[in-house]
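**Student:** Quick one: structure below, then a few questions.
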Amino acid sequence: PPELASLVALTGLSLNTNSLSGTLPLELARLAALQELNLANSSVSGTLPPELASLGAITELDLASNSVSGAVPPELGSLPALTRLGLASNSLSGTVPPELASLAALTRLNLSRNYLSGPLPRLPYSLAQLVAHENELSGKLQPFTNYTNLL
């Protein structure tokens, strides 16, 4: 709803495990103070709007177990504070954008159970956990020698 944009001091929004309907509202992108957004298991559909890249303070973004489709927007690679990105169990397709390597604070990335294809690009060395099973990834696996935090 448009009223969401008026919550300028909002730092956390958790509406996980609900029966919401529709796409991610673009008003979310105007919440400059938002640090945590959890809409996991909430029946959200549509594509991931590139406008989410304007959430400069966001540290945790969890959209797992929804009906989100389309590509992972490369613009998500410009979220400087992002530490956790959960996109598992959706219908995402296309390649994993190499721009995610720019997420210097990212420690946990879950892309499992989607339709992502192609090679897995170089990812941030800050990663402690990478989950990408049940996709259509292919190609040569990059060496993990510099990923000292991986579990």
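Residue numbering restarts at 1 for every chain of the structure tokens, chains are lettered A, B, ... in their displayed order, and ligands are numbered from 1 as they appear.
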Pick out the residues sitting within 9 Å of Glu60 (chain A), and hand them over as a PyMOL selection string; count only C-alpha atoms, and ignore anything fewer than 4 positions along from it in its own chain.

**Tutor:** chain A and resi 35-38+81-86

**Student:** Any chance you can output those residues with all heavy atoms as an mmCIF file, in the first residue's frame?

**Tutor:**
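The resulting file, out-v8.cif, is reproduced below:
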data_model
loop_
_atom_site.group_PDB
_atom_site.id
_atom_site.type_symbol
_atom_site.label_atom_id
_atom_site.label_comp_id
_atom_site.auth_asym_id
_atom_site.auth_seq_id
_atom_site.Cartn_x
_atom_site.Cartn_y
_atom_site.Cartn_z
ATOM 1 N N GLN A 35 16.286 -2.236 7.770
ATOM 2 C CA GLN A 35 17.442 -3.118 7.921
ATOM 3 C C GLN A 35 17.073 -4.581 7.720
ATOM 4 O O GLN A 35 17.910 -5.356 7.261
ATOM 5 C CB GLN A 35 18.075 -2.930 9.305
ATOM 6 C CG GLN A 35 18.639 -1.552 9.518
ATOM 7 C CD GLN A 35 19.091 -1.335 10.951
ATOM 8 O OE1 GLN A 35 19.104 -2.250 11.772
ATOM 9 N NE2 GLN A 35 19.448 -0.112 11.272
ATOM 10 N N GLU A 36 15.872 -4.976 8.082
ATOM 11 C CA GLU A 36 15.443 -6.370 7.948
ATOM 12 C C GLU A 36 14.085 -6.434 7.281
ATOM 13 O O GLU A 36 13.142 -5.783 7.721
ATOM 14 C CB GLU A 36 15.371 -7.049 9.318
ATOM 15 C CG GLU A 36 16.711 -7.146 10.012
ATOM 16 C CD GLU A 36 16.618 -7.786 11.389
ATOM 17 O OE1 GLU A 36 15.644 -8.514 11.660
ATOM 18 O OE2 GLU A 36 17.513 -7.532 12.202
ATOM 19 N N LEU A 37 14.014 -7.251 6.213
ATOM 20 C CA LEU A 37 12.755 -7.479 5.521
ATOM 21 C C LEU A 37 12.569 -8.974 5.387
ATOM 22 O O LEU A 37 13.363 -9.652 4.734
ATOM 23 C CB LEU A 37 12.770 -6.825 4.133
ATOM 24 C CG LEU A 37 11.539 -7.079 3.253
ATOM 25 C CD1 LEU A 37 10.258 -6.580 3.932
ATOM 26 C CD2 LEU A 37 11.714 -6.405 1.897
ATOM 27 N N ASN A 38 11.543 -9.505 6.057
ATOM 28 C CA ASN A 38 11.260 -10.935 6.024
ATOM 29 C C ASN A 38 9.833 -11.151 5.533
ATOM 30 O O ASN A 38 8.876 -10.885 6.253
ATOM 31 C CB ASN A 38 11.456 -11.561 7.398
ATOM 32 C CG ASN A 38 11.325 -13.070 7.378
ATOM 33 O OD1 ASN A 38 10.810 -13.650 6.419
ATOM 34 N ND2 ASN A 38 11.772 -13.721 8.433
ATOM 35 N N ALA A 81 25.290 -3.101 2.949
ATOM 36 C CA ALA A 81 25.192 -3.652 4.302
ATOM 37 C C ALA A 81 24.612 -5.064 4.339
ATOM 38 O O ALA A 81 24.563 -5.683 5.404
ATOM 39 C CB ALA A 81 24.333 -2.728 5.171
ATOM 40 N N LEU A 82 24.183 -5.590 3.194
ATOM 41 C CA LEU A 82 23.485 -6.875 3.166
ATOM 42 C C LEU A 82 24.372 -8.015 3.666
ATOM 43 O O LEU A 82 25.444 -8.263 3.127
ATOM 44 C CB LEU A 82 23.002 -7.177 1.745
ATOM 45 C CG LEU A 82 22.018 -8.337 1.614
ATOM 46 C CD1 LEU A 82 20.711 -8.041 2.337
ATOM 47 C CD2 LEU A 82 21.746 -8.629 0.138
ATOM 48 N N THR A 83 23.912 -8.703 4.711
ATOM 49 C CA THR A 83 24.655 -9.841 5.257
ATOM 50 C C THR A 83 23.973 -11.172 4.947
ATOM 51 O O THR A 83 24.633 -12.189 4.848
ATOM 52 C CB THR A 83 24.827 -9.733 6.788
ATOM 53 O OG1 THR A 83 23.547 -9.689 7.410
ATOM 54 C CG2 THR A 83 25.642 -8.506 7.162
ATOM 55 N N ARG A 84 22.633 -11.164 4.814
ATOM 56 C CA ARG A 84 21.888 -12.399 4.541
ATOM 57 C C ARG A 84 20.892 -12.166 3.409
ATOM 58 O O ARG A 84 20.094 -11.237 3.468
ATOM 59 C CB ARG A 84 21.126 -12.866 5.777
ATOM 60 C CG ARG A 84 22.029 -13.282 6.892
ATOM 61 C CD ARG A 84 21.229 -13.705 8.106
ATOM 62 N NE ARG A 84 22.130 -14.052 9.190
ATOM 63 C CZ ARG A 84 21.887 -14.971 10.086
ATOM 64 N NH1 ARG A 84 20.752 -15.646 10.059
ATOM 65 N NH2 ARG A 84 22.748 -15.235 11.027
ATOM 66 N N LEU A 85 20.938 -13.057 2.419
ATOM 67 C CA LEU A 85 20.013 -12.994 1.299
ATOM 68 C C LEU A 85 19.385 -14.365 1.117
ATOM 69 O O LEU A 85 20.078 -15.335 0.818
ATOM 70 C CB LEU A 85 20.752 -12.563 0.021
ATOM 71 C CG LEU A 85 19.925 -12.481 -1.268
ATOM 72 C CD1 LEU A 85 18.743 -11.531 -1.110
ATOM 73 C CD2 LEU A 85 20.810 -12.049 -2.431
ATOM 74 N N GLY A 86 18.086 -14.449 1.344
ATOM 75 C CA GLY A 86 17.362 -15.707 1.235
ATOM 76 C C GLY A 86 16.356 -15.651 0.102
ATOM 77 O O GLY A 86 15.349 -14.945 0.190
#

**Student:** Return as JSON lines the residues of region 55-79 of chain A lying at most 7 Å from region 41-45 of chain A, together with the closest atom-to-atom pair for each and the distance in Å to one decimal, counting only C-alpha atoms, with rows in chain order and ascending residue number.

**Tutor:**
{"residue": "A:Ala64", "atom": "CA", "partner": "A:Asn41", "partner_atom": "CA", "distance": 6.3}
{"residue": "A:Ser65", "atom": "CA", "partner": "A:Asn41", "partner_atom": "CA", "distance": 4.6}
{"residue": "A:Asn66", "atom": "CA", "partner": "A:Ser43", "partner_atom": "CA", "distance": 5.0}
{"residue": "A:Ser67", "atom": "CA", "partner": "A:Ser45", "partner_atom": "CA", "distance": 4.6}
{"residue": "A:Val68", "atom": "CA", "partner": "A:Ser45", "partner_atom": "CA", "distance": 4.6}

**Student:** With all heavy atoms retained, could you export that selection as a PDB file, in the first residue's frame?

**Tutor:**
ATOM      1  N   ALA A  64      12.275 -16.162   0.830  1.00  0.00           N
ATOM      2  CA  ALA A  64      12.214 -17.599   0.550  1.00  0.00           C
ATOM      3  C   ALA A  64      10.786 -18.123   0.590  1.00  0.00           C
ATOM      4  O   ALA A  64       9.910 -17.560   1.251  1.00  0.00           O
ATOM      5  CB  ALA A  64      13.078 -18.364   1.556  1.00  0.00           C
ATOM      6  N   SER A  65      10.565 -19.227  -0.116  1.00  0.00           N
ATOM      7  CA  SER A  65       9.291 -19.964  -0.100  1.00  0.00           C
ATOM      8  C   SER A  65       8.102 -19.097  -0.505  1.00  0.00           C
ATOM      9  O   SER A  65       7.096 -19.003   0.193  1.00  0.00           O
ATOM     10  CB  SER A  65       9.051 -20.589   1.281  1.00  0.00           C
ATOM     11  OG  SER A  65      10.091 -21.477   1.592  1.00  0.00           O
ATOM     12  N   ASN A  66       8.233 -18.467  -1.645  1.00  0.00           N
ATOM     13  CA  ASN A  66       7.161 -17.690  -2.232  1.00  0.00           C
ATOM     14  C   ASN A  66       6.994 -18.131  -3.680  1.00  0.00           C
ATOM     15  O   ASN A  66       7.455 -19.205  -4.060  1.00  0.00           O
ATOM     16  CB  ASN A  66       7.482 -16.187  -2.142  1.00  0.00           C
ATOM     17  CG  ASN A  66       7.192 -15.628  -0.766  1.00  0.00           C
ATOM     18  OD1 ASN A  66       6.050 -15.574  -0.334  1.00  0.00           O
ATOM     19  ND2 ASN A  66       8.238 -15.226  -0.068  1.00  0.00           N
ATOM     20  N   SER A  67       6.363 -17.314  -4.480  1.00  0.00           N
ATOM     21  CA  SER A  67       6.184 -17.604  -5.907  1.00  0.00           C
ATOM     22  C   SER A  67       6.848 -16.532  -6.756  1.00  0.00           C
ATOM     23  O   SER A  67       6.335 -16.118  -7.782  1.00  0.00           O
ATOM     24  CB  SER A  67       4.694 -17.681  -6.244  1.00  0.00           C
ATOM     25  OG  SER A  67       4.091 -18.746  -5.548  1.00  0.00           O
ATOM     26  N   VAL A  68       8.001 -16.058  -6.299  1.00  0.00           N
ATOM     27  CA  VAL A  68       8.733 -15.032  -7.023  1.00  0.00           C
ATOM     28  C   VAL A  68       9.399 -15.674  -8.237  1.00  0.00           C
ATOM     29  O   VAL A  68       9.994 -16.747  -8.130  1.00  0.00           O
ATOM     30  CB  VAL A  68       9.776 -14.355  -6.101  1.00  0.00           C
ATOM     31  CG1 VAL A  68      10.580 -13.317  -6.851  1.00  0.00           C
ATOM     32  CG2 VAL A  68       9.087 -13.737  -4.894  1.00  0.00           C
TER      33      VAL A  68
END

**Student:** Using DSSP assignments from the backbone, pull out every residue in region 39-139 of chain A that falls under strand (DSSP E) and give it to me as a PyMOL selection string.

**Tutor:** chain A and resi 45-47+60-62+67-70+84-86+91-94+108-110+115-118+129-131+136-137

**Student:** Rounded to one decimal place, report the CA of Gly70 (chain A)-CA of Arg113 (chain A) distance in Å.

**Tutor:**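 Between CA of Gly70 (chain A) and CA of Arg113 (chain A) the gap works out to 13.8 Å.
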
**Student:** Got a sec: who's within 12 Å of Pro25 (chain A), counting only C-alpha atoms, leaving out chain neighbours fewer than 5 positions off, as a PyMOL selection string?

**Tutor:** chain A and resi 1-5+20+30-31+39+44-52

**Student:** To one decimal place in Å, what is the distance between CA of Gly12 (chain A) and CA of Ala29 (chain A)?

**Tutor:**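 So the two atoms, CA of Gly12 (chain A) and CA of Ala29 (chain A), lie 13.2 Å apart.
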
**Student:** Using only C-alpha atoms, which residues sit within 7 Å of Gly77 (chain A) once same-chain residues fewer than 4 positions away are excluded, as a ChimeraX atom specification?

**Tutor:** /A:99-103

**Student:** With distances taken over only C-alpha atoms, which of A:Gln129, A:Pro80, A:Arg122, A:Pro97 is nearest to Leu109 (chain A)?

**Tutor:**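 Checking each of A:Gln129, A:Pro80, A:Arg122, A:Pro97 against Leu109 (chain A), counting only C-alpha atoms, the winner is A:Gln129.
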
**Student:** What separation in Å, quoted to one decimal, exists between CA of Ser117 (chain A) and CA of Gly94 (chain A)?

**Tutor:** 5.6 Å

**Student:** Residues at most 8 Å from Ser126 (chain A), counting only C-alpha atoms, excluding those fewer than 4 positions away in the same chain, as a list in words?

**Tutor:**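 After dropping sequence-adjacent residues, the list is Ala104, Ala105, Leu106, Thr107, Tyr147, Thr148 and Asn149 of chain A.
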
**Student:** From the options A:Leu15, A:Leu10, A:Ser89, A:Leu150, which residue's atoms come nearest to Glu134 (chain A), counting only C-alpha atoms?

**Tutor:**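 The shortest atom-to-atom distance to Glu134 (chain A) comes from A:Ser89.
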
**Student:** Between A:Ala33, A:Thr145, A:Ser14, A:Val96, which is the closest to Pro74 (chain A) once you count only C-alpha atoms?

**Tutor:** A:Val96

**Student:** So which residues touch Lys140 (chain A) within 12 Å, counting only C-alpha atoms, skipping near sequence neighbours fewer than 6 positions away, as a list of chain:residue names?

**Tutor:**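 Selected residues are A:Gly118, A:Pro119, A:Leu120, A:Pro121, A:Arg122.
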